[in-house]
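Enquirer: Quick one, final26.csv (CSV, C-alpha atoms):
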```
chain,number,residue,atom,x,y,z
A,1,GLN,CA,4.6,-11.4,17.9
A,2,VAL,CA,1.3,-9.4,17.7
A,3,GLN,CA,-2.1,-11.0,17.0
A,4,LEU,CA,-5.3,-9.1,16.4
A,5,VAL,CA,-8.7,-10.6,17.1
A,6,GLU,CA,-11.9,-8.8,16.0
A,7,SER,CA,-15.3,-9.4,17.5
A,8,GLY,CA,-18.7,-7.8,17.8
A,9,GLY,CA,-19.9,-7.8,14.2
A,10,GLU,CA,-23.6,-8.6,13.6
A,11,SER,CA,-26.6,-7.6,11.6
A,12,VAL,CA,-28.2,-4.2,12.5
A,13,GLN,CA,-31.0,-2.1,11.1
A,14,PRO,CA,-30.3,1.2,9.2
A,15,GLY,CA,-29.9,4.0,11.7
A,16,GLY,CA,-28.7,1.7,14.4
A,17,SER,CA,-25.5,1.5,16.3
A,18,LEU,CA,-22.8,-1.1,16.8
A,19,ARG,CA,-19.4,-1.4,18.5
A,20,VAL,CA,-16.8,-3.7,17.2
A,21,SER,CA,-13.7,-4.7,19.2
A,22,CYS,CA,-10.1,-5.6,18.4
A,23,LEU,CA,-8.2,-7.5,21.1
A,24,ILE,CA,-4.4,-7.1,20.6
A,25,ARG,CA,-2.5,-10.1,21.8
A,26,GLY,CA,1.1,-9.4,22.6
A,27,ASN,CA,2.7,-6.2,23.9
A,28,MET,CA,0.4,-3.3,23.0
A,29,ASN,CA,3.1,-0.9,24.3
A,30,THR,CA,5.1,-1.7,21.1
A,31,ILE,CA,2.1,-0.7,18.9
A,32,ASN,CA,2.2,2.9,17.8
A,33,ARG,CA,-0.8,3.1,15.4
A,34,VAL,CA,-4.1,1.2,15.1
A,35,ALA,CA,-6.7,1.4,12.5
A,36,TRP,CA,-10.0,-0.1,11.2
A,37,PHE,CA,-10.5,-1.0,7.6
A,38,ARG,CA,-13.4,-2.6,5.7
A,39,GLN,CA,-13.7,-4.6,2.6
A,40,ALA,CA,-16.5,-6.1,0.5
A,41,PRO,CA,-16.0,-9.1,-1.8
A,42,GLN,CA,-14.3,-8.1,-5.1
A,43,LYS,CA,-13.5,-4.6,-3.8
A,44,GLU,CA,-10.4,-2.9,-2.5
A,45,ARG,CA,-9.8,-2.6,1.3
A,46,GLU,CA,-11.0,0.8,2.5
A,47,GLY,CA,-9.5,2.7,5.5
A,48,VAL,CA,-12.2,3.8,7.9
A,49,ALA,CA,-10.4,5.2,11.0
A,50,ALA,CA,-7.0,5.3,12.6
A,51,MET,CA,-5.3,6.6,15.8
A,52,TYR,CA,-2.0,6.8,17.6
A,53,THR,CA,-2.1,4.7,20.7
A,54,GLY,CA,0.0,7.3,22.6
A,55,GLY,CA,-2.8,9.8,22.1
A,56,GLY,CA,-3.0,12.7,19.7
A,57,SER,CA,-3.8,12.2,16.0
A,58,THR,CA,-6.9,10.4,14.7
A,59,TYR,CA,-8.1,10.2,11.2
A,60,TYR,CA,-11.4,9.3,9.7
A,61,ALA,CA,-12.5,8.6,6.1
A,62,LEU,CA,-15.0,11.2,4.9
A,63,SER,CA,-17.7,8.6,4.5
A,64,VAL,CA,-17.7,7.9,8.3
A,65,GLN,CA,-16.8,11.3,9.8
A,66,GLY,CA,-19.3,12.3,12.5
A,67,ARG,CA,-20.7,8.7,12.7
A,68,PHE,CA,-17.8,6.5,13.7
A,69,THR,CA,-15.4,6.8,16.6
A,70,ILE,CA,-12.1,4.9,17.1
A,71,SER,CA,-11.0,4.5,20.7
A,72,GLN,CA,-8.8,2.2,22.9
A,73,ASP,CA,-8.7,0.7,26.4
A,74,LYS,CA,-5.1,-0.1,27.1
A,75,SER,CA,-6.0,-1.9,30.3
A,76,LYS,CA,-7.8,-4.4,28.1
A,77,ASN,CA,-5.4,-4.3,25.2
A,78,THR,CA,-8.5,-3.5,23.1
A,79,VAL,CA,-9.3,-1.0,20.3
A,80,TYR,CA,-12.9,-0.2,19.5
A,81,LEU,CA,-14.9,1.2,16.6
A,82,GLN,CA,-18.2,2.7,17.6
A,83,MET,CA,-20.5,3.0,14.6
A,84,ASN,CA,-23.6,5.2,14.8
A,85,SER,CA,-26.3,6.1,12.2
A,86,LEU,CA,-25.4,3.0,10.3
A,87,LYS,CA,-26.3,2.8,6.6
A,88,PRO,CA,-26.7,-0.2,4.2
A,89,GLU,CA,-23.5,0.9,2.5
A,90,ASP,CA,-21.6,0.4,5.7
A,91,THR,CA,-22.1,-3.4,5.2
A,92,ASP,CA,-18.6,-5.0,5.0
A,93,MET,CA,-16.1,-7.2,6.6
A,94,TYR,CA,-14.3,-5.0,9.2
A,95,PHE,CA,-10.6,-5.5,9.9
A,96,CYS,CA,-8.4,-4.2,12.6
A,97,ALA,CA,-4.8,-3.3,11.8
A,98,ALA,CA,-1.7,-2.3,13.9
A,99,ASP,CA,1.8,-1.1,13.3
A,100,ARG,CA,4.9,-0.2,15.4
A,101,SER,CA,6.0,2.7,13.2
A,102,GLY,CA,5.2,6.4,13.5
A,103,TRP,CA,5.6,9.4,11.3
A,104,THR,CA,2.4,8.7,9.4
A,105,TYR,CA,-0.2,11.4,9.3
A,106,GLY,CA,-3.4,12.4,7.5
A,107,LEU,CA,-4.7,10.2,4.7
A,108,ALA,CA,-1.7,7.9,5.0
A,109,MET,CA,-3.0,6.8,8.4
A,110,ILE,CA,-5.7,4.8,6.7
A,111,SER,CA,-3.6,3.4,3.9
A,112,PRO,CA,-3.4,-0.5,4.2
A,113,ASP,CA,0.3,-0.6,3.2
A,114,ARG,CA,1.2,1.3,6.4
A,115,TYR,CA,0.1,-1.6,8.7
A,116,ALA,CA,2.1,-4.8,9.4
A,117,TYR,CA,-0.4,-6.7,11.6
A,118,TRP,CA,-4.0,-7.6,10.6
A,119,GLY,CA,-6.9,-9.5,12.1
A,120,GLN,CA,-9.2,-11.9,10.4
A,121,GLY,CA,-12.2,-9.6,10.3
A,122,THR,CA,-15.7,-9.4,11.7
A,123,GLN,CA,-18.8,-9.1,9.5
A,124,VAL,CA,-21.1,-6.1,9.9
A,125,THR,CA,-24.4,-6.2,8.0
A,126,VAL,CA,-26.8,-3.2,7.9
A,127,SER,CA,-30.1,-4.2,6.5
A,128,SER,CA,-33.8,-3.9,7.3
```
Rewrite the coordinates I just gave you, this time as structure tokens.
Expert:
Amino acid sequence: QVQLVESGGESVQPGGSLRVSCLIRGNMNTINRVAWFRQAPQKEREGVAAMYTGGGSTYYALSVQGRFTISQDKSKNTVYLQMNSLKPEDTDMYFCAADRSGWTYGLAMISPDRYAYWGQGTQVTVSS
């Protein structure tokens, strides 16, 4: 069984930076892909960034390219999302997701239906 626990969400000012974390409880070696999504109330869940845990492909939504970076520390079973140049429209609940399957590339890497395991989310608020 795999459990995901997000942390690090807080309120920041526009232009600021923040790093959120996702602790993967269970055997991370069985996880092939990890991703970050975000969702506001009454809106659809939006894919932000994804990566293969074995290295190689990453994918970012156009809205965050050049500002957000997804990374991992396997020694800590943790996936990170570094967010720079934050904007008020980045305000959302951020969710970590993971899946054991491969053969998913490009835009599909940030499609919610490609992920079996989800965390409970951490709130990021960008406001002056």
Enquirer: Pro88 in chain A: which residues within 8 Å, counting all atoms listed in the file, same-chain residues fewer than 6 positions away excluded, as a list in words?
Expert: Pro14, Thr125, Val126 and Ser127 of chain A
Enquirer: What is the CA of Thr69 in chain A-CA of Val2 in chain A distance in Å, reported with one decimal?
Expert: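 Answer for the CA of Thr69 in chain A to CA of Val2 in chain A separation: 23.3 Å.
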Enquirer: Counting all atoms listed in the file, which of A:Met109, A:Leu23, A:Leu4, A:Val124 gets nearest to Val79 in chain A?
Expert: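 Comparing A:Met109, A:Leu23, A:Leu4, A:Val124 against Val79 in chain A, the winner is A:Leu23.
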Enquirer: Of the candidates A:Ser21, A:Ser11, A:Ser75, A:Asn27, which one gets nearest to Gly121 in chain A if we count all atoms listed in the file?
Expert: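 Closest candidate: A:Ser21.
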Enquirer: Please identify all polymer residues lying at most 10 Å from the point (-16.9, 10.4, 13.5) (file coordinates), using all atoms listed in the file, and present the result as a list in words.
Expert: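 Returned residue set, sorted by chain then number, is Val48, Ala49, Tyr59, Tyr60, Ala61, Leu62, Ser63, Val64, Gln65, Gly66, Arg67, Phe68, Thr69, Ile70, Leu81, Gln82, Met83 and Asn84 of chain A.
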Enquirer: Any chance you could export the current selection's C-alpha atoms as a compact mmCIF listing (two decimals), keeping the file's coordinate frame?
Expert:
```txt
# COMPACT_ATOMS: atom_id res chain seq x y z
CA VAL A 48 -12.20 3.80 7.90
CA ALA A 49 -10.40 5.20 11.00
CA TYR A 59 -8.10 10.20 11.20
CA TYR A 60 -11.40 9.30 9.70
CA ALA A 61 -12.50 8.60 6.10
CA LEU A 62 -15.00 11.20 4.90
CA SER A 63 -17.70 8.60 4.50
CA VAL A 64 -17.70 7.90 8.30
CA GLN A 65 -16.80 11.30 9.80
CA GLY A 66 -19.30 12.30 12.50
CA ARG A 67 -20.70 8.70 12.70
CA PHE A 68 -17.80 6.50 13.70
CA THR A 69 -15.40 6.80 16.60
CA ILE A 70 -12.10 4.90 17.10
CA LEU A 81 -14.90 1.20 16.60
CA GLN A 82 -18.20 2.70 17.60
CA MET A 83 -20.50 3.00 14.60
CA ASN A 84 -23.60 5.20 14.80
```
Enquirer: One number please: CA of Glu89 in chain A to CA of Arg45 in chain A, in Å, one decimal.
Expert: 14.2 Å
Enquirer: Kindly give the distance, in Å, that separates CA of Thr122 in chain A and CA of Cys96 in chain A, rounded to a single decimal.
Expert: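 Those two atoms sit 9.0 Å apart.
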Enquirer: From the list A:Thr91, A:Thr78, A:Ser111, A:Gln123, which residue is nearest Gln13 in chain A when using only C-alpha atoms?
Expert: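 Checking each of A:Thr91, A:Thr78, A:Ser111, A:Gln123 against Gln13 in chain A, counting only C-alpha atoms, the winner is A:Thr91.
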Enquirer: Have a look at A:Thr104, A:Asn29, A:Gln120, A:Gln39 and name the one nearest to Gln3 in chain A; count only C-alpha atoms.
Expert: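 Checking each of A:Thr104, A:Asn29, A:Gln120, A:Gln39 against Gln3 in chain A, counting only C-alpha atoms, the winner is A:Gln120.
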Enquirer: Find the spatial neighbours of Gln1 in chain A, counting all atoms listed in the file, within a cut-off of 10 Å - ignore same-chain residues fewer than 5 positions away - and output them as a count of residues only.
Expert: 4
Enquirer: Between A:Ala98, A:Ala116, A:Met28, A:Lys74, which has the minimum distance to Met51 in chain A (counting only C-alpha atoms)?
Expert: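 Checking each candidate against Met51 in chain A, we get A:Ala98 as the closest.
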Enquirer: Kindly indicate which residue among A:Ser71, A:Tyr80, A:Ala50, A:Gln42 lies nearest to Gly8 in chain A, using only C-alpha atoms for the distances.
Expert: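 Comparing A:Ser71, A:Tyr80, A:Ala50, A:Gln42 against Gly8 in chain A, the winner is A:Tyr80.
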